[in-house]
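Note: the block below is my_file.txt and it holds compact mmCIF, C-alpha atoms.
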# COMPACT_ATOMS: atom_id res chain seq x y z
CA MET A 1 -6.84 29.01 -34.00
CA GLY A 2 -6.84 31.33 -30.96
CA LEU A 3 -9.17 31.04 -27.99
CA PHE A 4 -11.55 33.77 -29.20
CA GLU A 5 -11.72 32.49 -32.78
CA LEU A 6 -12.32 28.98 -31.42
CA ALA A 7 -15.02 30.19 -29.03
CA ALA A 8 -16.70 32.18 -31.82
CA ALA A 9 -16.61 29.22 -34.23
CA ASN A 10 -17.98 26.99 -31.46
CA LEU A 11 -20.81 29.41 -30.66
CA ILE A 12 -22.11 29.41 -34.23
CA SER A 13 -21.84 25.65 -34.72
CA PRO A 14 -25.13 23.80 -35.43
CA ILE A 15 -25.02 21.92 -32.12
CA ILE A 16 -24.67 25.04 -29.96
CA LEU A 17 -27.29 26.93 -31.97
CA SER A 18 -29.67 23.97 -31.60
CA PHE A 19 -29.14 24.08 -27.85
CA ALA A 20 -29.73 27.85 -27.87
CA LEU A 21 -32.94 27.34 -29.85
CA GLY A 22 -34.27 24.87 -27.27
CA LEU A 23 -33.22 27.09 -24.37
CA GLY A 24 -34.79 30.19 -25.92
CA ALA A 25 -38.00 28.33 -26.81
CA ALA A 26 -38.41 27.03 -23.26
CA LEU A 27 -37.67 30.41 -21.69
CA ALA A 28 -40.19 32.03 -24.06
CA ARG A 29 -42.78 29.40 -22.99
CA SER A 30 -43.13 27.91 -26.47
CA ASP A 31 -44.96 24.58 -26.66
CA LEU A 32 -42.02 23.08 -28.58
CA SER A 33 -41.16 19.75 -26.97
CA VAL A 34 -39.43 16.45 -27.68
CA PRO A 35 -41.47 13.48 -26.44
CA GLU A 36 -39.88 11.42 -23.68
CA ALA A 37 -39.56 8.30 -25.85
CA ALA A 38 -37.89 10.27 -28.67
CA ALA A 39 -35.41 11.85 -26.23
CA LYS A 40 -34.54 8.41 -24.88
CA ALA A 41 -34.08 7.04 -28.41
CA LEU A 42 -31.76 9.94 -29.32
CA SER A 43 -29.76 9.34 -26.15
CA LEU A 44 -29.48 5.59 -26.88
CA TYR A 45 -28.26 6.38 -30.38
CA LEU A 46 -25.59 8.81 -29.16
CA LEU A 47 -24.34 6.46 -26.45
CA PHE A 48 -24.17 3.53 -28.88
CA ALA A 49 -22.43 5.57 -31.57
CA ILE A 50 -19.84 7.15 -29.29
CA GLY A 51 -19.12 3.83 -27.54
CA PHE A 52 -18.81 1.92 -30.83
CA LYS A 53 -16.54 4.51 -32.43
CA GLY A 54 -14.33 4.57 -29.31
CA GLY A 55 -14.01 0.77 -29.36
CA ALA A 56 -13.26 0.74 -33.10
CA GLY A 57 -10.61 3.43 -32.50
CA VAL A 58 -8.90 1.24 -29.89
CA ALA A 59 -9.03 -1.75 -32.27
CA ALA A 60 -7.45 0.32 -35.05
CA HIS A 61 -4.67 1.98 -33.06
CA GLY A 62 -4.09 -0.70 -30.44
CA LEU A 63 -3.86 -0.45 -26.69
CA ASP A 64 -1.06 1.36 -24.96
CA ALA A 65 0.07 1.42 -21.37
CA THR A 66 -1.71 4.68 -20.67
CA LEU A 67 -5.13 2.97 -20.84
CA VAL A 68 -4.87 1.55 -17.31
CA GLY A 69 -3.40 4.83 -16.06
CA ALA A 70 -6.26 6.80 -17.65
CA LEU A 71 -8.88 4.50 -16.09
CA VAL A 72 -7.27 4.80 -12.64
CA ALA A 73 -6.95 8.58 -13.05
CA GLY A 74 -10.64 8.79 -14.01
CA LEU A 75 -11.59 6.74 -10.96
CA VAL A 76 -9.49 8.89 -8.61
CA LEU A 77 -10.81 12.15 -10.12
CA SER A 78 -14.41 11.01 -9.80
CA PHE A 79 -13.86 10.09 -6.14
CA ALA A 80 -11.90 13.26 -5.32
CA ILE A 81 -13.71 16.08 -7.16
CA PRO A 82 -16.87 15.91 -4.96
CA PHE A 83 -14.76 16.81 -1.90
CA VAL A 84 -13.41 19.93 -3.64
CA ALA A 85 -16.91 20.79 -4.91
CA PHE A 86 -18.43 20.31 -1.45
CA GLY A 87 -15.80 22.56 0.17
CA LEU A 88 -16.31 25.26 -2.47
CA LEU A 89 -20.10 25.11 -2.23
CA ARG A 90 -20.06 25.40 1.56
CA ALA A 91 -17.68 28.36 1.26
CA ILE A 92 -19.50 30.41 -1.37
CA SER A 93 -23.15 29.33 -1.27
CA ALA A 94 -25.87 29.13 1.32
CA LEU A 95 -26.63 25.46 0.60
CA GLY A 96 -26.94 23.12 3.56
CA PRO A 97 -24.66 20.07 3.89
CA VAL A 98 -27.10 17.57 2.34
CA ASP A 99 -27.89 19.71 -0.72
CA ALA A 100 -24.20 20.62 -1.08
CA ALA A 101 -23.17 16.94 -0.93
CA ALA A 102 -25.82 15.99 -3.51
CA VAL A 103 -24.60 18.75 -5.86
CA ALA A 104 -20.96 17.75 -5.24
CA GLY A 105 -21.78 14.17 -6.30
CA HIS A 106 -23.03 15.45 -9.64
CA TYR A 107 -19.79 17.36 -10.31
CA GLY A 108 -17.59 14.32 -9.64
CA SER A 109 -19.55 12.36 -12.21
CA ILE A 110 -19.70 13.20 -15.91
CA SER A 111 -22.02 14.51 -18.60
CA ILE A 112 -21.80 12.20 -21.59
CA VAL A 113 -23.41 14.78 -23.89
CA THR A 114 -20.71 17.34 -23.03
CA PHE A 115 -18.19 14.59 -23.82
CA VAL A 116 -19.91 13.90 -27.16
CA ALA A 117 -19.99 17.63 -27.97
CA ALA A 118 -16.27 17.89 -27.17
CA THR A 119 -15.41 14.94 -29.44
CA SER A 120 -17.43 16.65 -32.14
CA VAL A 121 -15.41 19.87 -31.71
CA LEU A 122 -12.15 17.88 -31.77
CA GLN A 123 -13.23 16.17 -34.99
CA SER A 124 -14.08 19.49 -36.61
CA GLN A 125 -10.60 20.77 -35.67
CA GLY A 126 -8.93 17.60 -36.97
CA ILE A 127 -7.55 16.72 -33.52
CA ALA A 128 -7.25 13.01 -32.73
CA SER A 129 -7.94 11.54 -29.30
CA GLU A 130 -7.56 8.16 -27.60
CA GLY A 131 -10.57 5.92 -28.36
CA TYR A 132 -10.50 4.49 -24.84
CA MET A 133 -11.54 7.83 -23.34
CA VAL A 134 -15.09 6.45 -23.73
CA ALA A 135 -14.17 3.75 -21.20
CA VAL A 136 -12.77 6.45 -18.89
CA ALA A 137 -16.13 8.24 -19.18
CA ALA A 138 -17.95 5.07 -18.12
CA VAL A 139 -15.60 4.56 -15.16
CA MET A 140 -16.19 8.14 -13.96
CA GLU A 141 -20.01 7.87 -13.85
CA ALA A 142 -20.45 6.22 -10.46
CA PRO A 143 -17.63 6.74 -7.88
CA ALA A 144 -18.72 10.32 -7.13
CA ILE A 145 -22.02 9.01 -5.79
CA LEU A 146 -20.16 7.09 -3.08
CA SER A 147 -18.11 10.21 -2.21
CA ALA A 148 -21.31 12.28 -1.88
CA LEU A 149 -22.91 9.70 0.41
CA TRP A 150 -19.73 9.47 2.48
CA ILE A 151 -19.72 13.28 2.89
CA VAL A 152 -23.35 13.15 4.07
CA ALA A 153 -22.57 10.33 6.51
CA ARG A 154 -19.70 12.45 7.91
CA THR A 155 -22.14 15.27 8.65
CA GLY A 156 -24.12 12.85 10.84
CA ARG A 157 -27.06 12.38 8.51
CA ALA A 158 -28.32 9.07 7.22
CA ALA A 159 -27.94 8.19 3.56
CA GLU A 160 -29.82 5.17 2.24
CA MET A 161 -27.03 3.10 0.70
CA GLU A 162 -28.61 -0.28 0.08
CA ALA A 163 -27.28 -3.21 -1.96
CA GLY A 164 -29.91 -2.68 -4.68
CA LEU A 165 -28.72 0.87 -5.23
CA VAL A 166 -25.11 -0.20 -5.85
CA ARG A 167 -26.35 -2.65 -8.50
CA GLU A 168 -28.56 0.03 -10.06
CA ILE A 169 -25.68 2.52 -10.22
CA LEU A 170 -23.21 0.05 -11.72
CA LEU A 171 -25.75 -1.37 -14.16
CA ASN A 172 -27.25 1.99 -15.07
CA GLY A 173 -28.52 1.73 -18.65
CA SER A 174 -26.22 4.46 -19.97
CA ILE A 175 -23.12 2.79 -18.49
CA VAL A 176 -24.13 -0.65 -19.79
CA LEU A 177 -24.78 0.69 -23.30
CA LEU A 178 -21.60 2.77 -23.40
CA VAL A 179 -19.37 -0.08 -22.20
CA GLY A 180 -21.25 -2.66 -24.29
CA SER A 181 -21.03 -0.70 -27.55
CA PHE A 182 -17.36 0.08 -26.79
CA ALA A 183 -16.75 -3.67 -26.47
CA ILE A 184 -18.62 -4.39 -29.72
CA GLY A 185 -16.63 -1.69 -31.51
CA TRP A 186 -13.38 -3.09 -30.10
CA ILE A 187 -14.24 -6.69 -31.09
CA THR A 188 -15.48 -5.88 -34.59
CA GLY A 189 -12.93 -3.13 -35.26
CA GLU A 190 -12.71 -1.05 -38.41
CA GLU A 191 -14.58 -3.70 -40.39
CA GLY A 192 -17.53 -3.54 -38.01
CA LEU A 193 -17.48 0.23 -38.11
CA ALA A 194 -17.52 0.19 -41.92
CA GLN A 195 -20.61 -2.04 -41.86
CA ILE A 196 -22.68 0.40 -39.81
CA SER A 197 -20.95 3.71 -40.52
CA SER A 198 -23.89 4.96 -42.59
CA PHE A 199 -25.93 4.67 -39.38
CA ILE A 200 -23.53 5.79 -36.65
CA VAL A 201 -21.12 8.16 -38.43
CA ALA A 202 -22.98 10.14 -41.10
CA PRO A 203 -26.16 11.04 -39.16
CA PHE A 204 -24.30 11.61 -35.89
CA GLN A 205 -24.07 15.41 -36.01
CA GLY A 206 -27.73 15.77 -37.01
CA VAL A 207 -28.91 13.54 -34.17
CA LEU A 208 -26.65 15.42 -31.77
CA CYS A 209 -28.32 18.68 -32.88
CA LEU A 210 -31.78 17.27 -32.14
CA PHE A 211 -30.62 15.94 -28.79
CA LEU A 212 -29.12 19.30 -27.86
CA LEU A 213 -32.34 21.00 -28.89
CA ASP A 214 -34.06 18.80 -26.31
CA MET A 215 -31.34 19.49 -23.73
CA GLY A 216 -31.91 23.20 -24.31
CA LEU A 217 -35.64 22.73 -23.75
CA VAL A 218 -35.07 20.76 -20.55
CA ALA A 219 -32.49 23.27 -19.28
CA GLY A 220 -34.75 26.24 -20.11
CA ARG A 221 -37.76 24.62 -18.44
CA GLY A 222 -35.65 23.83 -15.38
CA LEU A 223 -34.37 27.41 -15.17
CA ARG A 224 -37.88 28.84 -15.54
CA GLN A 225 -39.46 26.54 -12.98
CA SER A 226 -36.75 26.80 -10.38
CA ARG A 227 -36.44 30.57 -10.38
CA GLY A 228 -35.40 31.61 -6.90
CA VAL A 229 -34.14 28.12 -5.98
CA LEU A 230 -30.52 28.90 -6.79
CA GLY A 231 -28.76 31.66 -4.93
CA PHE A 232 -26.01 33.81 -6.44
CA GLY A 233 -23.31 31.71 -4.75
CA ALA A 234 -24.65 28.49 -6.25
CA VAL A 235 -24.71 30.00 -9.76
CA VAL A 236 -21.13 31.23 -9.31
CA PHE A 237 -20.22 27.70 -8.22
CA GLY A 238 -21.84 26.29 -11.38
CA CYS A 239 -19.48 28.39 -13.53
CA LEU A 240 -16.40 28.18 -11.28
CA MET A 241 -16.33 24.46 -10.60
CA PRO A 242 -15.97 23.32 -14.24
CA PRO A 243 -12.61 25.13 -14.81
CA ILE A 244 -11.41 23.84 -11.41
CA GLY A 245 -12.35 20.26 -12.33
CA ALA A 246 -10.83 20.75 -15.79
CA THR A 247 -7.55 21.82 -14.17
CA PHE A 248 -7.40 18.48 -12.32
CA GLY A 249 -8.16 16.75 -15.62
CA LEU A 250 -5.41 18.73 -17.35
CA ILE A 251 -2.85 17.72 -14.72
CA ALA A 252 -3.93 14.06 -14.93
CA GLY A 253 -3.84 14.10 -18.74
CA LEU A 254 -0.36 15.66 -18.83
CA LEU A 255 1.00 13.22 -16.23
CA LEU A 256 -0.35 10.32 -18.27
CA GLY A 257 1.11 11.70 -21.49
CA LEU A 258 -2.22 11.72 -23.34
CA SER A 259 -2.52 13.33 -26.76
CA THR A 260 -3.91 16.88 -27.00
CA GLY A 261 -7.35 15.47 -27.82
CA GLY A 262 -7.11 13.00 -24.92
CA VAL A 263 -6.17 15.80 -22.50
CA VAL A 264 -9.15 17.87 -23.70
CA LEU A 265 -11.51 14.95 -23.13
CA MET A 266 -10.03 14.25 -19.68
CA MET A 267 -10.60 17.96 -18.86
CA VAL A 268 -14.16 17.83 -20.17
CA LEU A 269 -14.94 14.70 -18.15
CA SER A 270 -13.55 16.32 -14.99
CA ALA A 271 -15.37 19.59 -15.67
CA SER A 272 -18.83 18.27 -16.50
CA ALA A 273 -21.66 17.39 -14.15
CA SER A 274 -23.99 14.40 -14.40
CA TYR A 275 -27.70 14.65 -15.09
CA ILE A 276 -28.55 11.00 -15.76
CA ALA A 277 -26.98 8.49 -13.36
CA VAL A 278 -26.39 10.68 -10.31
CA PRO A 279 -29.80 12.43 -10.03
CA ALA A 280 -31.60 9.05 -10.04
CA ALA A 281 -29.21 7.68 -7.39
CA MET A 282 -29.60 10.83 -5.27
CA ARG A 283 -33.39 10.55 -5.33
CA VAL A 284 -33.08 7.09 -3.82
CA ALA A 285 -30.18 7.64 -1.42
CA LEU A 286 -30.67 11.29 -0.41
CA PRO A 287 -34.40 12.03 -0.68
CA GLU A 288 -34.08 15.12 1.53
CA ALA A 289 -31.79 16.83 -0.99
CA ASN A 290 -33.74 19.21 -3.23
CA PRO A 291 -33.68 17.87 -6.83
CA SER A 292 -34.41 21.34 -8.26
CA ILE A 293 -31.03 22.55 -6.98
CA TYR A 294 -28.81 19.84 -8.41
CA LEU A 295 -30.70 19.36 -11.67
CA THR A 296 -30.84 23.10 -12.38
CA LEU A 297 -27.17 23.62 -11.52
CA SER A 298 -26.04 20.66 -13.59
CA LEU A 299 -28.33 21.17 -16.61
CA GLY A 300 -29.17 24.86 -16.48
CA VAL A 301 -25.82 26.37 -15.49
CA THR A 302 -22.83 24.03 -15.89
CA PHE A 303 -23.94 22.23 -19.06
CA PRO A 304 -24.44 25.47 -21.08
CA PHE A 305 -21.23 26.90 -19.57
CA ASN A 306 -19.18 23.91 -20.70
CA LEU A 307 -20.85 23.82 -24.09
CA THR A 308 -20.26 27.48 -24.92
CA VAL A 309 -17.23 28.67 -22.92
CA GLY A 310 -15.73 25.55 -21.36
CA ILE A 311 -14.89 23.37 -24.37
CA PRO A 312 -13.01 26.12 -26.31
CA LEU A 313 -11.25 27.11 -23.07
CA TYR A 314 -10.17 23.54 -22.32
CA LEU A 315 -9.06 23.00 -25.92
CA SER A 316 -6.92 26.15 -25.84
CA ALA A 317 -5.41 25.22 -22.45
CA ALA A 318 -4.66 21.66 -23.56
CA THR A 319 -3.13 22.84 -26.86
CA LEU A 320 -0.94 25.29 -24.96
CA ALA A 321 0.07 22.74 -22.31
CA THR A 322 0.86 19.89 -24.72
CA GLY A 323 2.33 22.14 -27.39
CA GLY A 324 0.02 20.33 -29.82
CA MET B 325 -74.47 -7.91 -11.68
CA GLU B 326 -73.14 -8.51 -8.17
CA THR B 327 -70.29 -6.25 -7.11
CA HIS B 328 -68.04 -6.31 -4.04
CA GLU B 329 -66.52 -3.54 -2.01
CA ALA B 330 -62.79 -2.92 -2.29
CA LYS B 331 -60.29 -0.16 -1.73
CA ARG B 332 -58.41 1.51 -4.56
CA VAL B 333 -55.00 2.77 -3.48
CA GLU B 334 -53.17 5.17 -5.77
CA ILE B 335 -49.58 6.09 -5.03
CA ILE B 336 -47.85 8.78 -7.10
CA ILE B 337 -44.13 8.37 -6.49
CA GLU B 338 -40.77 9.34 -7.97
CA ALA B 339 -39.83 7.03 -10.84
CA PRO B 340 -36.52 5.88 -9.27
CA MET B 341 -38.52 4.58 -6.28
CA ALA B 342 -41.13 2.65 -8.29
CA ARG B 343 -39.30 -0.68 -8.23
CA ARG B 344 -38.78 -0.44 -4.48
CA LEU B 345 -42.45 0.36 -3.91
CA THR B 346 -43.76 -2.52 -6.03
CA LYS B 347 -41.37 -4.92 -4.27
CA ALA B 348 -42.65 -3.72 -0.88
CA LEU B 349 -46.23 -4.23 -2.07
CA ARG B 350 -45.50 -7.77 -3.26
CA ASP B 351 -43.71 -8.53 0.03
CA ALA B 352 -46.82 -7.29 1.87
CA GLY B 353 -48.94 -9.84 -0.01
CA VAL B 354 -50.51 -7.56 -2.61
CA THR B 355 -51.53 -9.86 -5.46
CA GLY B 356 -51.60 -7.27 -8.22
CA TYR B 357 -50.91 -3.67 -9.10
CA THR B 358 -50.65 -1.46 -12.19
CA VAL B 359 -47.89 1.05 -12.88
CA LEU B 360 -48.98 4.00 -15.00
CA PRO B 361 -46.90 6.77 -16.54
CA VAL B 362 -47.88 10.30 -15.59
CA LEU B 363 -47.40 13.19 -17.96
CA GLY B 364 -46.54 15.93 -15.53
CA GLY B 365 -47.82 17.88 -12.61
CA SER B 366 -47.17 20.32 -9.86
CA GLY B 367 -46.94 20.11 -6.10
CA ARG B 368 -44.99 21.20 -3.04
CA SER B 369 -41.75 20.16 -4.72
CA GLY B 370 -42.40 22.21 -7.85
CA THR B 371 -43.61 21.58 -11.40
CA TRP B 372 -42.39 18.68 -13.49
CA THR B 373 -43.01 17.03 -16.83
CA ARG B 374 -41.84 13.77 -18.31
CA GLU B 375 -41.22 15.37 -21.71
CA GLY B 376 -37.60 15.32 -22.75
CA GLN B 377 -36.44 13.67 -19.54
CA VAL B 378 -33.50 11.46 -20.38
CA SER B 379 -33.03 10.56 -16.75
CA ALA B 380 -35.78 8.90 -14.75
CA ALA B 381 -34.82 11.13 -11.82
CA GLY B 382 -37.22 13.92 -12.62
CA GLY B 383 -40.20 11.72 -13.49
CA MET B 384 -43.06 10.32 -11.48
CA VAL B 385 -45.20 7.19 -11.87
CA ALA B 386 -48.58 6.16 -10.49
CA VAL B 387 -48.93 2.76 -8.84
CA VAL B 388 -52.55 1.65 -8.53
CA CYS B 389 -53.82 -1.39 -6.67
CA LEU B 390 -57.19 -2.71 -5.63
CA ILE B 391 -57.39 -4.57 -2.34
CA ARG B 392 -59.92 -5.92 0.14
CA ALA B 393 -60.60 -3.47 2.97
CA ASP B 394 -59.29 -5.88 5.65
CA ARG B 395 -55.87 -5.99 3.91
CA LEU B 396 -55.55 -2.23 3.54
CA ASP B 397 -53.50 -1.55 6.68
CA GLY B 398 -50.79 -4.05 5.71
CA LEU B 399 -50.48 -2.43 2.30
CA LEU B 400 -50.33 1.09 3.70
CA ASP B 401 -47.66 0.13 6.25
CA ALA B 402 -45.51 -1.36 3.50
CA ALA B 403 -46.06 1.56 1.15
CA PHE B 404 -45.47 4.21 3.79
CA GLU B 405 -42.09 2.75 4.66
CA VAL B 406 -40.99 3.41 1.05
CA VAL B 407 -42.69 6.73 0.33
CA GLU B 408 -42.27 8.39 3.74
CA SER B 409 -39.20 10.48 2.91
CA HIS B 410 -39.91 10.90 -0.80
CA ILE B 411 -41.94 13.20 -3.00
CA GLY B 412 -45.36 11.69 -3.69
CA VAL B 413 -49.03 11.34 -2.85
CA VAL B 414 -50.95 8.37 -1.40
CA SER B 415 -54.72 8.33 -1.77
CA ILE B 416 -57.40 5.74 -0.99
CA THR B 417 -60.87 5.60 -2.52
CA ASP B 418 -63.79 3.22 -2.21
CA ALA B 419 -64.28 1.01 -5.24
CA GLN B 420 -66.48 -1.81 -6.48
CA VAL B 421 -65.00 -4.94 -8.08
CA LEU B 422 -66.65 -7.79 -9.91
CA ARG B 423 -64.45 -10.72 -8.88
CA ALA B 424 -63.74 -10.37 -5.16
CA GLU B 425 -61.61 -13.52 -4.94
CA ARG B 426 -58.90 -11.80 -7.04
CA PHE B 427 -58.17 -9.13 -4.45
Please render this file's structure as structure tokens.
Amino acid sequence: MGLFELAAANLISPIILSFALGLGAALARSDLSVPEAAAKALSLYLLFAIGFKGGAGVAAHGLDATLVGALVAGLVLSFAIPFVAFGLLRAISALGPVDAAAVAGHYGSISIVTFVAATSVLQSQGIASEGYMVAVAAVMEAPAILSALWIVARTGRAAEMEAGLVREILLNGSIVLLVGSFAIGWITGEEGLAQISSFIVAPFQGVLCLFLLDMGLVAGRGLRQSRGVLGFGAVVFGCLMPPIGATFGLIAGLLLGLSTGGVVLMMVLSASASYIAVPAAMRVALPEANPSIYLTLSLGVTFPFNLTVGIPLYLSAATLATGG
Amino acid sequence: METHEAKRVEIIIEAPMARRLTKALRDAGVTGYTVLPVLGGSGRSGTWTREGQVSAAGGMVAVVCLIRADRLDGLLDAAFEVVESHIGVVSITDAQVLRAERF
């Protein structure tokens, strides 16, 4: 399937249309909303399901030497991407150093929902990927926060990096659940997956649709409320940075010899921006950074970009590069 | 029924800072407080709502405590150290309590 056919098929998939529905409803000021507790429950379900399936995949196909390489690559990418993002932001946007560093931290980290959406696209195309990419996702959540704080410290401003924050970042609920369910899936293997597949496999796409409906609502609300917060340069950054990050992911994936699906997921992880772990850490460590800027860029610009344009683009590039 | 004068301190603060604030209050000798969820609002930092928020980053909470007037300054010093650089509101109102020895 060519890039345009893939992009078109992706655009009319239930998950993208659900996101579009939420986005449109929020922009049109509809009172449609997903209660906070329901959104959290959907997110817990998705994290558990994706972690479990990844662990079961590793149990079924076994570990290979590339696992350690992929984890190290993820760690290095998460540390390094914020520096590229910070340089780009300072060059093309009017953001000050603290706001730019806070945004850069988000782009070094990952969006687990973009990752889930990409695995869903891979499944629909019948493309296999390494189960341990879930562990790579978990590893890439936090290092970017340290890079962002280091960048701020270099500019002579104080960042509040206390011991409690490090613990909170590393034991962030989404990381604990992802790693924990991955471990359970790995330990119980295919047999464990068979026991709960009616819960975590069959309803997965439907739950993902509901979650993306909510993401659309949150993104639309953010865009509406922060009108005028983002300048043209920042919006350009939000669409330019994902392909740049994905290129680093592509290089890492090819060097590691990952499968086509694995390369796509490495690209998606490098291209996506966090909206769970990093914003909370930034509120504690960099209170002077404007949350409207980084949340709107991450959720309102980069997330929809990756969902609609990015994933088909990365899949085509990875297929071309791996010859898969 | 006999009532006693007290101060009611309400602190609206960003959710990620709530644990730090309650720890500072306990360290300052505050014997009790209540943390309440808040639905949404608007202020100098823009409009926000807790609906659909997967991350706690965008949310706010209200921390309410009742305290004897002579202990108010200690509480405010401790609270201010946490909330100073963050989004939030601190307000103090006069209140009446029934069991003074608890505050």
Excluding B:Lys331 and any residue of its chain fewer than 6 positions from it, enumerate the residues within 7 Å of it, using all atoms listed in the file, and give them as a compact mmCIF listing (two decimals) with C-alpha atoms, keeping the file's coordinate frame.
# COMPACT_ATOMS: atom_id res chain seq x y z
CA LEU B 390 -57.19 -2.71 -5.63
CA ILE B 391 -57.39 -4.57 -2.34
CA ARG B 392 -59.92 -5.92 0.14
CA ALA B 393 -60.60 -3.47 2.97
CA ILE B 416 -57.40 5.74 -0.99
CA THR B 417 -60.87 5.60 -2.52
CA ASP B 418 -63.79 3.22 -2.21
CA ALA B 419 -64.28 1.01 -5.24
Problem - Polymer residues at most 12 Å from A:Val218, all atoms listed in the file, same-chain spacing of 2 or more positions, as a ChimeraX atom specification - result: /A:19-27,29,32-36,39,211-216,220-226,275,295-296,298-301,303-304 /B:372-379,382
So that I can check the surroundings of B:Leu345, please list as a CSV table (one decimal) with C-alpha atoms, keeping the file's coordinate frame every protein, DNA and RNA residue that reaches within 12 Å of it, counting only C-alpha atoms and ignoring chain neighbours fewer than 3 positions away.
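As written to disk, result_39.csv reads:
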chain,number,residue,atom,x,y,z
A,284,VAL,CA,-33.1,7.1,-3.8
B,334,GLU,CA,-53.2,5.2,-5.8
B,335,ILE,CA,-49.6,6.1,-5.0
B,336,ILE,CA,-47.8,8.8,-7.1
B,337,ILE,CA,-44.1,8.4,-6.5
B,338,GLU,CA,-40.8,9.3,-8.0
B,339,ALA,CA,-39.8,7.0,-10.8
B,340,PRO,CA,-36.5,5.9,-9.3
B,341,MET,CA,-38.5,4.6,-6.3
B,342,ALA,CA,-41.1,2.6,-8.3
B,348,ALA,CA,-42.6,-3.7,-0.9
B,349,LEU,CA,-46.2,-4.2,-2.1
B,350,ARG,CA,-45.5,-7.8,-3.3
B,351,ASP,CA,-43.7,-8.5,0.0
B,352,ALA,CA,-46.8,-7.3,1.9
B,354,VAL,CA,-50.5,-7.6,-2.6
B,357,TYR,CA,-50.9,-3.7,-9.1
B,358,THR,CA,-50.6,-1.5,-12.2
B,359,VAL,CA,-47.9,1.0,-12.9
B,385,VAL,CA,-45.2,7.2,-11.9
B,386,ALA,CA,-48.6,6.2,-10.5
B,387,VAL,CA,-48.9,2.8,-8.8
B,388,VAL,CA,-52.6,1.6,-8.5
B,389,CYS,CA,-53.8,-1.4,-6.7
B,399,LEU,CA,-50.5,-2.4,2.3
B,400,LEU,CA,-50.3,1.1,3.7
B,401,ASP,CA,-47.7,0.1,6.2
B,402,ALA,CA,-45.5,-1.4,3.5
B,403,ALA,CA,-46.1,1.6,1.2
B,404,PHE,CA,-45.5,4.2,3.8
B,405,GLU,CA,-42.1,2.8,4.7
B,406,VAL,CA,-41.0,3.4,1.0
B,407,VAL,CA,-42.7,6.7,0.3
B,408,GLU,CA,-42.3,8.4,3.7
B,410,HIS,CA,-39.9,10.9,-0.8
B,412,GLY,CA,-45.4,11.7,-3.7
B,414,VAL,CA,-51.0,8.4,-1.4
Exercise for the section: May I have the residues within 8 Å of B:Val421 as a list in words, using only C-alpha atoms and disregarding those fewer than 5 positions away in the same chain? Expected result: Thr327, His328, Glu329 and Ala330 of chain B
Exercise for the section: Calculate how many Å separate atom CA of A:His106 from atom CA of A:Pro143, rounding to one decimal. Expected result: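 Distance reported for this atom pair: 10.4 Å.
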Practice task
Excluding stretch 58-63 of chain A and residues on its chain fewer than 2 positions from it, collect all residues at most 9 Å away from it, counting all atoms listed in the file, and give them as a list in words.
Solution key: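 In the requested form, the answer reads Lys53, Gly54, Gly55, Ala56, Ala65, Thr66, Leu67, Glu130, Gly131, Tyr132, Gly185, Trp186, Ile187, Thr188, Gly189 and Glu190 of chain A.
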Resulting file, chosen residues, C-alpha atoms, as a PDB file, in the coordinates of the input:
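Contents of out36.pdb, as written:
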ATOM      1  CA  LYS A  53     -16.540   4.510 -32.430  1.00  0.00           C
ATOM      2  CA  GLY A  54     -14.330   4.570 -29.310  1.00  0.00           C
ATOM      3  CA  GLY A  55     -14.010   0.770 -29.360  1.00  0.00           C
ATOM      4  CA  ALA A  56     -13.260   0.740 -33.100  1.00  0.00           C
ATOM      5  CA  ALA A  65       0.070   1.420 -21.370  1.00  0.00           C
ATOM      6  CA  THR A  66      -1.710   4.680 -20.670  1.00  0.00           C
ATOM      7  CA  LEU A  67      -5.130   2.970 -20.840  1.00  0.00           C
ATOM      8  CA  GLU A 130      -7.560   8.160 -27.600  1.00  0.00           C
ATOM      9  CA  GLY A 131     -10.570   5.920 -28.360  1.00  0.00           C
ATOM     10  CA  TYR A 132     -10.500   4.490 -24.840  1.00  0.00           C
ATOM     11  CA  GLY A 185     -16.630  -1.690 -31.510  1.00  0.00           C
ATOM     12  CA  TRP A 186     -13.380  -3.090 -30.100  1.00  0.00           C
ATOM     13  CA  ILE A 187     -14.240  -6.690 -31.090  1.00  0.00           C
ATOM     14  CA  THR A 188     -15.480  -5.880 -34.590  1.00  0.00           C
ATOM     15  CA  GLY A 189     -12.930  -3.130 -35.260  1.00  0.00           C
ATOM     16  CA  GLU A 190     -12.710  -1.050 -38.410  1.00  0.00           C
TER      17      GLU A 190
END
Exercise for the section: Counting only C-alpha atoms, select every polymer residue within 10 Å of (-17.8, 26.1, -23.5) as defined in the file's coordinates, and provide the selection as a VMD selection string. Expected result: chain A and resid 7 10 to 11 16 114 117 to 118 242 268 302 to 315
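Comparing A:Leu240, A:Ala219, A:Leu250, A:Val98 by their smallest distance to chain B, the closest is A:Ala219 (using all atoms listed in the file).
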Practice task
Give the answer as one residue: which of B:Gly398, B:Met384, B:Gln420, B:Gly356 has the shortest atom-to-atom distance to chain A, using all atoms listed in the file?
Solution key: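 The closest residue to chain A is B:Met384.
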Handout entry: From A:Ala100, A:Val264, A:Ala289, A:Ile169, residue lying nearest A:Phe83 [only C-alpha atoms]
Key =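 Of A:Ala100, A:Val264, A:Ala289, A:Ile169, the one nearest A:Phe83 is A:Ala100, counting only C-alpha atoms.
A straight line drawn from atom CA of A:Leu122 to atom CA of A:Ile12 is 15.4 Å long.
The gap separating atom CA of A:Ser270 from atom CA of A:Gly74 is 8.1 Å, in Å to one decimal.
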